[in-house]
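**Q** Enclosed is the structure file work-v3.cif (mmCIF, C-alpha atoms and all ligand atoms).
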```
data_final
loop_
_atom_site.label_atom_id
_atom_site.label_comp_id
_atom_site.auth_asym_id
_atom_site.auth_seq_id
_atom_site.Cartn_x
_atom_site.Cartn_y
_atom_site.Cartn_z
CA MET A 1018 3.34 -17.48 21.20
CA LYS A 1019 6.07 -16.12 18.93
CA ILE A 1020 5.17 -14.38 15.69
CA ILE A 1021 7.59 -13.23 13.03
CA THR A 1022 6.25 -10.36 10.95
CA VAL A 1023 7.95 -9.69 7.63
CA VAL A 1024 7.80 -6.20 6.13
CA GLY A 1025 9.86 -4.53 3.42
CA ALA A 1026 7.96 -1.91 1.46
CA ARG A 1027 6.41 1.44 2.43
CA PRO A 1028 2.76 0.33 2.63
CA GLN A 1029 3.77 -2.60 4.84
CA PHE A 1030 5.35 -0.34 7.45
CA ILE A 1031 2.10 1.62 7.58
CA LYS A 1032 0.03 -1.56 7.98
CA ALA A 1033 2.39 -2.81 10.69
CA ALA A 1034 1.94 0.36 12.75
CA PRO A 1035 -1.51 -0.49 14.19
CA VAL A 1036 -1.09 -4.27 13.96
CA SER A 1037 2.30 -4.57 15.72
CA ARG A 1038 1.08 -2.29 18.48
CA GLU A 1039 -1.83 -4.64 19.12
CA LEU A 1040 0.12 -7.90 18.66
CA ARG A 1041 2.76 -6.87 21.17
CA LYS A 1042 0.19 -6.48 23.92
CA TYR A 1043 -0.28 -10.26 23.92
CA PHE A 1044 2.45 -12.00 21.92
CA ASP A 1045 6.18 -12.07 21.36
CA GLU A 1046 6.60 -10.41 17.94
CA LYS A 1047 9.88 -10.25 16.06
CA LEU A 1048 9.98 -7.87 13.11
CA VAL A 1049 12.02 -8.61 9.99
CA HIS A 1050 12.63 -5.80 7.49
CA THR A 1051 13.76 -7.27 4.19
CA GLY A 1052 15.26 -3.94 3.12
CA GLN A 1053 13.20 -3.86 -0.09
CA HIS A 1054 12.62 -0.14 0.53
CA TYR A 1055 15.69 1.44 2.00
CA ASP A 1056 15.86 5.23 1.41
CA ASP A 1057 15.22 7.14 4.63
CA ASN A 1058 12.03 8.66 3.21
CA MET A 1059 10.78 5.25 2.03
CA SER A 1060 11.57 3.43 5.28
CA LYS A 1061 13.16 5.07 8.34
CA ILE A 1062 10.71 7.98 8.46
CA PHE A 1063 7.76 5.59 8.99
CA PHE A 1064 9.41 3.79 11.91
CA GLU A 1065 10.20 7.13 13.52
CA GLU A 1066 6.91 8.96 12.87
CA LEU A 1067 4.56 6.07 13.55
CA GLY A 1068 6.35 4.49 16.50
CA ILE A 1069 6.74 1.14 14.75
CA PRO A 1070 9.02 -1.15 16.75
CA LEU A 1071 12.52 -1.20 15.29
CA PRO A 1072 13.18 -4.31 13.19
CA ASP A 1073 14.96 -7.15 14.95
CA TYR A 1074 16.54 -8.02 11.61
CA ASN A 1075 17.23 -5.96 8.49
CA LEU A 1076 18.18 -8.12 5.53
CA LYS A 1077 19.19 -5.12 3.38
CA ILE A 1078 17.92 -6.70 0.17
CA GLY A 1079 16.78 -3.73 -1.90
CA SER A 1080 16.59 -3.19 -5.69
CA GLY A 1081 17.53 -5.96 -8.10
CA SER A 1082 15.33 -8.09 -10.32
CA HIS A 1083 12.29 -9.85 -8.90
CA GLY A 1084 13.87 -13.31 -8.89
CA LYS A 1085 17.13 -12.15 -7.33
CA MET A 1086 15.37 -10.09 -4.66
CA THR A 1087 12.88 -12.81 -3.78
CA GLY A 1088 15.53 -15.55 -3.84
CA GLU A 1089 17.93 -13.70 -1.56
CA MET A 1090 15.10 -12.92 0.84
CA LEU A 1091 14.07 -16.59 0.91
CA GLU A 1092 17.55 -17.71 1.83
CA LYS A 1093 17.97 -15.23 4.68
CA LEU A 1094 14.44 -15.62 6.02
CA GLU A 1095 14.80 -19.37 6.19
CA GLU A 1096 17.87 -19.00 8.43
CA ILE A 1097 16.02 -16.61 10.72
CA TYR A 1098 12.96 -18.85 10.97
CA ILE A 1099 15.12 -21.88 11.79
CA ASN A 1100 16.90 -19.97 14.57
CA GLU A 1101 13.87 -18.16 15.96
CA LYS A 1102 11.40 -21.06 15.68
CA PRO A 1103 8.28 -18.86 15.40
CA ASP A 1104 4.81 -20.35 15.87
CA CYS A 1105 3.63 -18.44 12.82
CA VAL A 1106 4.73 -15.87 10.25
CA LEU A 1107 2.64 -12.84 9.37
CA VAL A 1108 2.90 -11.06 6.01
CA TYR A 1109 1.04 -8.11 4.46
CA GLY A 1110 -0.20 -7.43 0.96
CA ASP A 1111 1.45 -8.42 -2.28
CA THR A 1112 5.08 -7.38 -2.59
CA ASN A 1113 8.14 -9.53 -3.18
CA SER A 1114 8.75 -9.35 0.58
CA THR A 1115 5.27 -10.82 1.13
CA LEU A 1116 5.91 -13.78 -1.14
CA ALA A 1117 9.39 -14.48 0.22
CA GLY A 1118 8.15 -14.22 3.82
CA ALA A 1119 5.31 -16.65 3.13
CA LEU A 1120 7.20 -19.13 0.98
CA ALA A 1121 10.15 -19.49 3.35
CA ALA A 1122 7.69 -20.21 6.17
CA SER A 1123 5.55 -22.57 4.16
CA LYS A 1124 8.56 -24.71 3.18
CA LEU A 1125 9.37 -25.09 6.89
CA LEU A 1126 5.73 -25.93 7.64
CA ILE A 1127 5.32 -22.77 9.72
CA PRO A 1128 1.74 -21.45 9.45
CA VAL A 1129 1.44 -18.29 7.36
CA ILE A 1130 -0.98 -15.49 8.21
CA HIS A 1131 -1.75 -13.31 5.20
CA VAL A 1132 -3.16 -9.90 6.02
CA GLU A 1133 -4.91 -8.35 3.00
CA ALA A 1134 -5.59 -11.75 1.45
CA GLY A 1135 -7.98 -12.37 -1.44
CA LEU A 1136 -7.34 -9.24 -3.48
CA ARG A 1137 -7.35 -9.78 -7.24
CA SER A 1138 -6.87 -7.48 -10.20
CA TYR A 1139 -7.21 -10.44 -12.59
CA ASN A 1140 -4.16 -9.12 -14.41
CA LYS A 1141 -1.45 -11.70 -14.05
CA ALA A 1142 1.10 -9.46 -15.72
CA MET A 1143 1.24 -7.49 -12.47
CA PRO A 1144 3.99 -8.74 -10.17
CA GLU A 1145 1.63 -8.02 -7.28
CA GLU A 1146 -1.07 -10.33 -8.69
CA GLN A 1147 1.42 -13.20 -8.89
CA ASN A 1148 2.57 -12.52 -5.34
CA ARG A 1149 -1.00 -12.42 -4.01
CA ILE A 1150 -2.16 -15.62 -5.66
CA LEU A 1151 0.92 -17.55 -4.56
CA THR A 1152 0.80 -16.22 -1.01
CA ASP A 1153 -2.90 -16.95 -0.62
CA ASN A 1154 -2.34 -20.51 -1.76
CA ILE A 1155 0.21 -21.24 0.97
CA SER A 1156 -1.43 -19.34 3.82
CA LYS A 1157 -3.17 -20.94 6.75
CA LEU A 1158 -5.04 -17.84 7.84
CA LEU A 1159 -6.33 -15.59 5.08
CA LEU A 1160 -7.44 -12.31 6.58
CA VAL A 1161 -9.48 -10.53 3.94
CA PRO A 1162 -10.35 -6.83 4.12
CA THR A 1163 -13.57 -6.89 2.09
CA VAL A 1164 -16.53 -9.01 1.08
CA ASP A 1165 -15.27 -9.09 -2.52
CA ALA A 1166 -11.89 -10.44 -1.45
CA GLU A 1167 -13.66 -13.27 0.35
CA LYS A 1168 -15.65 -14.01 -2.82
CA ASN A 1169 -12.48 -14.05 -4.92
CA LEU A 1170 -11.00 -16.74 -2.69
CA LYS A 1171 -14.20 -18.74 -2.75
CA ASN A 1172 -14.13 -18.69 -6.56
CA GLU A 1173 -10.67 -20.23 -6.39
CA GLY A 1174 -11.87 -22.90 -3.97
CA ILE A 1175 -10.17 -21.33 -0.93
CA THR A 1176 -12.62 -21.31 1.97
CA GLU A 1177 -10.68 -22.68 4.95
CA GLY A 1178 -9.06 -20.19 7.30
CA VAL A 1179 -10.67 -17.19 5.60
CA TYR A 1180 -11.85 -14.35 7.89
CA ASN A 1181 -13.11 -10.92 6.93
CA ILE A 1182 -11.56 -8.61 9.51
CA GLY A 1183 -11.78 -5.31 7.60
CA ASP A 1184 -8.85 -3.28 6.40
CA VAL A 1185 -5.83 -2.59 8.61
CA MET A 1186 -5.19 0.60 6.60
CA TYR A 1187 -8.47 1.94 7.96
CA ASP A 1188 -7.13 1.28 11.48
CA ALA A 1189 -4.00 3.23 10.53
CA VAL A 1190 -5.99 6.19 9.20
CA LEU A 1191 -8.13 6.33 12.34
CA MET A 1192 -5.01 6.10 14.48
CA PHE A 1193 -3.06 8.88 12.75
CA LYS A 1194 -5.56 11.21 11.09
CA GLU A 1195 -5.86 13.58 14.03
CA ILE A 1196 -2.09 13.84 14.61
CA SER A 1197 -1.56 14.39 10.89
CA LYS A 1198 -3.12 17.84 11.31
CA SER A 1199 0.15 18.88 12.97
CA LYS A 1200 1.62 18.78 9.45
CA GLU A 1201 -0.67 21.46 8.03
CA TYR A 1202 2.25 23.90 7.92
CA LEU A 1203 3.29 21.98 4.81
CA LEU A 1204 0.42 23.61 2.89
CA GLU A 1205 2.02 26.99 3.47
CA ASP A 1206 5.50 25.65 2.68
CA LEU A 1207 4.16 24.36 -0.64
CA ASN A 1208 2.19 27.55 -1.19
CA ILE A 1209 -1.11 25.71 -1.68
CA LEU A 1210 -4.61 26.14 -0.28
CA PRO A 1211 -6.96 23.45 1.05
CA ASN A 1212 -9.17 21.93 -1.67
CA LYS A 1213 -7.34 23.82 -4.40
CA TYR A 1214 -4.88 21.15 -5.50
CA ILE A 1215 -4.76 17.62 -6.86
CA LEU A 1216 -2.64 15.07 -5.00
CA THR A 1217 -0.98 12.49 -7.24
CA THR A 1218 1.16 9.40 -6.83
CA ILE A 1219 2.61 7.21 -9.59
CA HIS A 1220 4.74 4.11 -9.12
CA ARG A 1221 3.02 1.08 -10.62
CA ALA A 1222 5.47 -0.90 -12.78
CA GLU A 1223 3.01 -1.08 -15.70
CA ASN A 1224 2.95 2.74 -15.78
CA THR A 1225 6.59 3.54 -15.14
CA ASN A 1226 8.15 0.86 -17.34
CA ASP A 1227 6.17 1.90 -20.40
CA ILE A 1228 7.26 5.23 -21.84
CA ASN A 1229 3.93 5.86 -23.54
CA ARG A 1230 1.88 5.30 -20.41
CA LEU A 1231 4.13 7.48 -18.27
CA LYS A 1232 4.25 10.18 -20.97
CA ASN A 1233 0.44 10.22 -21.21
CA ILE A 1234 0.08 10.54 -17.44
CA ILE A 1235 2.55 13.40 -17.22
CA GLU A 1236 1.03 15.20 -20.22
CA ALA A 1237 -2.42 14.90 -18.64
CA LEU A 1238 -1.15 16.42 -15.39
CA ASN A 1239 0.77 19.11 -17.29
CA GLU A 1240 -2.35 20.09 -19.22
CA SER A 1241 -4.84 19.77 -16.36
CA ASN A 1242 -4.93 23.45 -15.36
CA GLU A 1243 -4.66 22.35 -11.76
CA VAL A 1244 -1.98 22.69 -9.14
CA VAL A 1245 -0.68 19.15 -8.74
CA ILE A 1246 1.35 17.92 -5.77
CA LEU A 1247 3.39 14.88 -6.72
CA PRO A 1248 5.56 13.13 -4.12
CA LEU A 1249 7.75 11.20 -6.53
CA HIS A 1250 8.47 7.52 -5.89
CA PRO A 1251 12.15 6.66 -6.56
CA ARG A 1252 11.14 4.16 -9.26
CA THR A 1253 9.22 6.86 -11.12
CA LYS A 1254 11.93 9.47 -10.65
CA LYS A 1255 14.39 7.14 -12.35
CA PHE A 1256 12.13 6.47 -15.35
CA VAL A 1257 11.16 10.14 -15.76
CA SER A 1258 14.82 10.96 -16.01
CA ASP A 1259 15.67 7.99 -18.29
CA TYR A 1260 12.85 8.92 -20.69
CA GLY A 1261 13.68 12.65 -20.52
CA LEU A 1262 10.09 13.60 -19.57
CA THR A 1263 9.41 17.07 -18.18
CA PHE A 1264 6.85 18.64 -15.88
CA ASN A 1265 5.13 21.99 -16.32
CA GLU A 1266 5.14 24.60 -13.55
CA ASN A 1267 1.70 23.63 -12.26
CA ILE A 1268 3.21 20.38 -10.99
CA LYS A 1269 5.09 20.57 -7.71
CA ILE A 1270 7.42 17.62 -7.47
CA ILE A 1271 8.44 16.72 -3.94
CA GLU A 1272 10.41 13.87 -2.41
CA PRO A 1273 8.41 10.95 -0.97
CA ILE A 1274 6.89 12.15 2.30
CA GLY A 1275 6.04 10.62 5.65
CA TYR A 1276 2.64 9.07 6.31
CA LEU A 1277 1.44 11.94 8.49
CA GLU A 1278 2.30 14.47 5.77
CA MET A 1279 0.58 12.23 3.24
CA LEU A 1280 -2.62 11.92 5.28
CA MET A 1281 -2.69 15.68 5.75
CA LEU A 1282 -2.22 16.30 2.00
CA GLU A 1283 -4.91 13.72 1.20
CA SER A 1284 -7.42 15.22 3.60
CA ASN A 1285 -6.94 18.71 2.12
CA ALA A 1286 -6.83 17.70 -1.56
CA LYS A 1287 -9.58 18.51 -4.03
CA LYS A 1288 -9.15 15.16 -5.78
CA ILE A 1289 -6.64 12.32 -5.66
CA VAL A 1290 -5.14 10.92 -8.85
CA THR A 1291 -3.12 7.75 -8.35
CA ASP A 1292 -2.08 4.26 -9.39
CA SER A 1293 -1.39 3.18 -5.81
CA GLY A 1294 -3.46 0.54 -4.04
CA GLY A 1295 -3.26 2.09 -0.60
CA VAL A 1296 -3.89 5.62 -1.79
CA GLN A 1297 -7.14 4.57 -3.52
CA LYS A 1298 -8.44 3.37 -0.17
CA GLU A 1299 -7.19 6.42 1.70
CA ALA A 1300 -8.99 8.67 -0.79
CA TYR A 1301 -12.16 6.85 0.25
CA PHE A 1302 -11.41 7.16 3.96
CA MET A 1303 -10.81 10.88 3.48
CA GLY A 1304 -13.99 11.34 1.44
CA LYS A 1305 -12.10 12.47 -1.67
CA PRO A 1306 -12.88 11.57 -5.29
CA CYS A 1307 -10.27 9.13 -6.58
CA ILE A 1308 -9.10 8.88 -10.18
CA THR A 1309 -7.19 5.66 -10.77
CA MET A 1310 -4.69 5.56 -13.61
CA ARG A 1311 -4.82 1.84 -14.16
CA ASP A 1312 -6.81 -0.51 -16.39
CA GLU A 1313 -8.35 -2.30 -13.43
CA THR A 1314 -8.31 -2.23 -9.64
CA GLU A 1315 -8.46 -4.77 -6.90
CA TRP A 1316 -10.36 -2.26 -4.76
CA VAL A 1317 -13.51 -2.73 -6.85
CA GLU A 1318 -15.90 -1.68 -4.12
CA THR A 1319 -14.61 1.90 -4.20
CA VAL A 1320 -15.61 2.00 -7.88
CA GLU A 1321 -18.95 0.26 -7.29
CA VAL A 1322 -19.98 2.83 -4.68
CA GLY A 1323 -19.04 5.61 -7.09
CA TRP A 1324 -16.04 7.18 -5.33
CA ASN A 1325 -13.30 5.87 -7.62
CA ILE A 1326 -13.07 5.96 -11.40
CA ILE A 1327 -10.75 3.80 -13.49
CA VAL A 1328 -9.35 5.86 -16.35
CA GLY A 1329 -6.31 3.90 -17.53
CA THR A 1330 -3.59 6.12 -18.94
CA ASP A 1331 -5.45 7.83 -21.76
CA LYS A 1332 -4.48 11.48 -21.50
CA TYR A 1333 -7.95 12.85 -22.25
CA ALA A 1334 -9.69 10.38 -19.96
CA ILE A 1335 -7.46 11.52 -17.09
CA ILE A 1336 -8.06 15.21 -17.82
CA ASP A 1337 -11.81 14.64 -18.20
CA ALA A 1338 -11.98 12.86 -14.83
CA ILE A 1339 -9.93 15.58 -13.13
CA ASN A 1340 -12.43 18.15 -14.45
CA ASN A 1341 -15.67 16.24 -14.16
CA PHE A 1342 -15.57 13.18 -11.90
CA ASN A 1343 -17.55 13.76 -8.71
CA PRO A 1344 -19.07 11.04 -6.53
CA LYS A 1345 -22.82 11.34 -6.20
CA SER A 1346 -23.51 8.61 -3.68
CA LYS A 1347 -23.08 8.49 0.10
CA GLN A 1348 -20.18 6.49 1.47
CA GLU A 1349 -20.73 3.05 2.98
CA LEU A 1350 -18.58 1.13 5.46
CA ILE A 1351 -16.93 -1.18 2.93
CA PHE A 1352 -13.62 -1.64 4.73
CA GLY A 1353 -14.85 -2.79 8.14
CA ASP A 1354 -15.02 -0.85 11.36
CA GLY A 1355 -11.39 0.17 11.92
CA ARG A 1356 -10.78 -2.63 14.42
CA ALA A 1357 -8.97 -5.03 12.10
CA SER A 1358 -5.85 -5.16 14.29
CA GLU A 1359 -7.84 -6.17 17.35
CA LYS A 1360 -9.60 -8.82 15.30
CA ILE A 1361 -6.26 -10.28 14.23
CA VAL A 1362 -5.30 -10.69 17.88
CA GLU A 1363 -8.69 -12.22 18.77
CA LEU A 1364 -8.34 -14.74 15.95
CA LEU A 1365 -4.77 -15.65 16.80
CA LYS A 1366 -5.70 -16.21 20.44
CA LYS A 1367 -8.50 -18.51 19.35
CA LEU A 1368 -6.92 -20.37 16.46
CA MET A 1369 -3.16 -20.56 17.02
CA LYS A 1370 -3.09 -22.09 20.50
C1 LIG A 1401 7.07 -2.24 -4.54
C2 LIG A 1401 6.05 -3.37 -4.68
C3 LIG A 1401 4.70 -2.77 -5.04
C4 LIG A 1401 4.28 -1.72 -4.03
C5 LIG A 1401 5.38 -0.67 -3.89
C6 LIG A 1401 5.04 0.28 -2.78
C7 LIG A 1401 6.88 -5.52 -5.59
C8 LIG A 1401 6.94 -6.37 -6.78
N1 LIG A 1401 6.42 -4.27 -5.79
O1 LIG A 1401 7.21 -1.60 -5.80
O2 LIG A 1401 3.72 -3.79 -5.01
O3 LIG A 1401 3.11 -1.09 -4.48
O4 LIG A 1401 6.62 -1.32 -3.55
O5 LIG A 1401 5.72 1.50 -2.90
O6 LIG A 1401 7.23 -5.93 -4.51
N2 LIG A 1401 14.03 2.42 -4.95
C9 LIG A 1401 14.86 3.33 -4.36
N3 LIG A 1401 14.80 3.48 -3.01
C10 LIG A 1401 13.97 2.75 -2.22
C11 LIG A 1401 13.12 1.82 -2.83
C12 LIG A 1401 13.17 1.67 -4.20
O7 LIG A 1401 15.64 4.02 -5.03
O8 LIG A 1401 13.97 2.96 -0.99
C13 LIG A 1401 14.08 2.28 -6.43
C14 LIG A 1401 15.14 1.29 -6.89
O9 LIG A 1401 15.64 1.73 -8.12
C15 LIG A 1401 14.33 0.03 -7.09
C16 LIG A 1401 13.02 0.60 -7.63
O10 LIG A 1401 12.83 1.80 -6.90
O11 LIG A 1401 14.93 -0.86 -7.99
C17 LIG A 1401 11.83 -0.31 -7.44
O12 LIG A 1401 11.72 -0.75 -6.09
P1 LIG A 1401 10.97 -2.13 -5.78
O13 LIG A 1401 10.91 -2.30 -4.30
O14 LIG A 1401 11.54 -3.22 -6.58
O15 LIG A 1401 9.54 -1.90 -6.38
P2 LIG A 1401 8.48 -0.75 -6.15
O16 LIG A 1401 8.19 -0.11 -7.46
O17 LIG A 1401 8.90 0.12 -5.03
N1 LIG A 1402 2.58 7.23 1.15
C1 LIG A 1402 3.41 8.00 1.97
N2 LIG A 1402 4.23 8.92 1.37
C2 LIG A 1402 4.27 9.11 0.03
C3 LIG A 1402 3.42 8.33 -0.80
C4 LIG A 1402 2.60 7.39 -0.20
O1 LIG A 1402 3.37 7.86 3.18
O2 LIG A 1402 5.05 9.95 -0.43
C5 LIG A 1402 1.71 6.23 1.78
C6 LIG A 1402 0.25 6.33 1.42
O3 LIG A 1402 -0.40 7.27 2.25
C7 LIG A 1402 -0.22 4.90 1.65
C8 LIG A 1402 0.98 4.07 1.27
O4 LIG A 1402 2.10 4.97 1.30
O5 LIG A 1402 -0.49 4.68 3.03
C9 LIG A 1402 0.79 3.51 -0.10
O6 LIG A 1402 1.97 2.98 -0.55
P1 LIG A 1402 2.35 2.88 -2.08
O7 LIG A 1402 1.50 3.78 -2.87
O8 LIG A 1402 3.82 3.05 -2.14
O9 LIG A 1402 2.07 1.35 -2.38
P2 LIG A 1402 0.75 0.49 -2.70
O10 LIG A 1402 -0.28 0.80 -1.68
O11 LIG A 1402 0.34 0.81 -4.09
O12 LIG A 1402 1.24 -0.91 -2.62
#
```
Could you take the file, read its structure, and then write that structure out as structure tokens?
Ligand code: UD1
Ligand code: UDP

**A**
Amino acid sequence: MKIITVVGARPQFIKAAPVSRELRKYFDEKLVHTGQHYDDNMSKIFFEELGIPLPDYNLKIGSGSHGKMTGEMLEKLEEIYINEKPDCVLVYGDTNSTLAGALAASKLLIPVIHVEAGLRSYNKAMPEEQNRILTDNISKLLLVPTVDAEKNLKNEGITEGVYNIGDVMYDAVLMFKEISKSKEYLLEDLNILPNKYILTTIHRAENTNDINRLKNIIEALNESNEVVILPLHPRTKKFVSDYGLTFNENIKIIEPIGYLEMLMLESNAKKIVTDSGGVQKEAYFMGKPCITMRDETEWVETVEVGWNIIVGTDKYAIIDAINNFNPKSKQELIFGDGRASEKIVELLKKLMK
């Protein structure tokens, strides 16, 4: 059986690391990189560090407006699918690469497998929410990571082809956590001590594209009285500069880092403050309190079990959570058992004959 996997953005490379390894034991997988993320530290570093197979195709479609990016991807993916004649196409998550990968396949009647299906923020202004809903509606196999994701689909009348396999990002953490310790030298390089710093990421469009939201976030970090490590996403870097915002000395801005460095910094952080989807989950896997600078989350179970708090972008709410938010409950296995990649293979063997 031939599978085409479409990736394009940082979190998708990380998800592909455990899944491609497993798929290639049994199937012929061709990897297409749309080029949505293209800087070395947003793309190449993950293929090198995590041993992800090199892409068979790189479409080099990065930047640009949503419509242009998605449209160009559609056109090129269609050509590849027609030539390669895959039995199915596998996509991850909710980016423009996800939607283009799924839609091009669906139009050619090639079955779509959506890994990380069923997530909802119920905020349709998010480009990711649009991508998720559309992708779920044209997928044949909807592989959900959580019980809530399954419920979301059920509420929309989608029940066929839905399987809860757990979260592939948990597989990735289990696969790389031990090796990530080899990056502990970075603590010394950054002149920080374990459990004495806050790790932050910011890149969500709703936060970067709105000067007031980004200003509030940066002011909160500036005034937090904490050492803050902030690997800066290129989108955010651009807006910080356009808006002329400045960071105080307690904030150490670094370039985006590799996944192993990131896991190491997460596991040694005191708290994690983020607007990322993946980082909210990783905070949970690492047993760290997570403060989410958004108005809602699709990872609702992390909030329900008390390990994640949604604070929006109110400066004082962020500072208060940095000072006072501490989970009181024990962790539960809400993201499966870390064998999601194996379960994908088992399902494909059974269902895609
Ligand atoms: C995308 C996804 C988002 C995901 C995020 C992961 C969509 C709609 N958004 O957001 O869901 O959470 O990736 O990080 O698909 N840029 C560079 N170099 C790069 C990549 C981006 O400079 O390697 C800059 C460019 O100015 C680009 C901007 O960042 O225009 C935004 O990149 P884009 O891929 O459109 O969106 P992200 O914010 O990265
Ligand atoms: N990540 C990384 N280096 C960084 C920032 C994030 O490797 O400098 C990893 C992080 O550990 C997680 C993934 O990127 O696995 C999350 O991606 P991102 O926050 O870009 O997107 P989202 O998950 O919000 O879609």

**Q** Which chains and residue numbers are within 6 Å of ligand LIG 1401 (chain A), counting only C-alpha atoms and all ligand atoms, if I want them as a PyMOL selection string?

**A** chain A and resi 1026-1028+1053-1056+1059+1080-1081+1111-1113+1144-1145+1220+1251-1252

**Q** Go ahead and fit an axis-aligned box to every listed atom of stretch 1349-1354 of chain A plus 6 Å each side, and pass me the centre and edge lengths in Å, one decimal, as lines of an AutoDock Vina configuration file.

**A**
```
center_x = -17.2
center_y = 0.1
center_z = 7.1
size_x = 19.1
size_y = 17.8
size_z = 20.4
```

**Q** Near A:Arg1038, counting all atoms listed in the file, which residues have an atom at most 9 Å away, once you skip same-chain residues fewer than 3 positions from it, shown as a ChimeraX atom specification?

**A** /A:1033-1035,1041-1042,1068-1070,1358

**Q** Within 7 Å of ligand LIG 1402 (chain A) (counting all atoms listed in the file), which residues show up? I'd like them as a count of residues only.

**A** 21

**Q** Show me the residues close to (13.4, -14.6, 4.1) - anything with an atom within 9 Å, counting all atoms listed in the file - and format the list as a list in words.

**A**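 Residues lying no farther than 9 Å from the given point: Val1023, Val1049, Thr1051, Leu1076, Thr1087, Gly1088, Glu1089, Met1090, Leu1091, Glu1092, Lys1093, Leu1094, Glu1095, Glu1096, Ile1097, Tyr1098, Ser1114, Ala1117, Gly1118, Ala1119, Leu1120, Ala1121 and Ala1122 of chain A.
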
**Q** With distances taken over all atoms listed in the file, which of A:Lys1194, A:Tyr1187, A:Leu1204, A:Glu1313 is nearest to A:Asp1354?

**A** A:Tyr1187

**Q** Please identify all polymer residues lying at most 10 Å from the point (-13.6, 19.2, -12.4) (file coordinates), using all atoms listed in the file, and present the result as a ChimeraX atom specification.

**A** /A:1241,1243,1287-1288,1336-1343

**Q** Those same residues - C-alpha atoms - I'd like them written as a PDB file, keeping the file's coordinate frame.

**A**
```
ATOM      1  CA  SER A1241      -4.840  19.770 -16.360  1.00  0.00           C
ATOM      2  CA  GLU A1243      -4.660  22.350 -11.760  1.00  0.00           C
ATOM      3  CA  LYS A1287      -9.580  18.510  -4.030  1.00  0.00           C
ATOM      4  CA  LYS A1288      -9.150  15.160  -5.780  1.00  0.00           C
ATOM      5  CA  ILE A1336      -8.060  15.210 -17.820  1.00  0.00           C
ATOM      6  CA  ASP A1337     -11.810  14.640 -18.200  1.00  0.00           C
ATOM      7  CA  ALA A1338     -11.980  12.860 -14.830  1.00  0.00           C
ATOM      8  CA  ILE A1339      -9.930  15.580 -13.130  1.00  0.00           C
ATOM      9  CA  ASN A1340     -12.430  18.150 -14.450  1.00  0.00           C
ATOM     10  CA  ASN A1341     -15.670  16.240 -14.160  1.00  0.00           C
ATOM     11  CA  PHE A1342     -15.570  13.180 -11.900  1.00  0.00           C
ATOM     12  CA  ASN A1343     -17.550  13.760  -8.710  1.00  0.00           C
TER      13      ASN A1343
END
```

**Q** Calculated over all atoms listed in the file, which of the candidates A:Ser1258, A:Thr1022, A:Ser1123, A:Thr1319 has the smallest distance to A:Ile1155?

**A** A:Ser1123

**Q** Distance atom CA of A:Lys1255-atom CA of A:Asp1227, one decimal place?

**A**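 These two atoms are separated by 12.6 Å.
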
**Q** Here is a test: counting all atoms listed in the file, which residue of A:Ile1246, A:Leu1160, A:Ile1289, A:Leu1365 is nearest to A:Gly1110?

**A**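 Ranked by minimum distance to A:Gly1110, first place goes to A:Leu1160.
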
**Q** When you count only C-alpha atoms, which of these residues is closest to A:Gln1348: A:Lys1305, A:Lys1047, A:Lys1061, A:Arg1230?

**A** A:Lys1305

**Q** Which polymer residues have any atom within 9 Å of an atom of A:Met1303, counting only C-alpha atoms, with same-chain residues fewer than 2 positions away left out, as a list of chain:residue names?

**A**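 Here the qualifying residues turn out to be A:Val1190, A:Leu1280, A:Glu1283, A:Ser1284, A:Asn1285, A:Lys1298, A:Glu1299, A:Ala1300, A:Tyr1301, A:Lys1305.
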
**Q** Which residues are near A:Ala1237? Cut-off 8 Å, all atoms listed in the file, ignore same chain within fewer than 3 positions. Put them as an MDAnalysis selection string.

**A** chainID A and resid 1233:1234 1240:1241 1332:1333 1335:1336
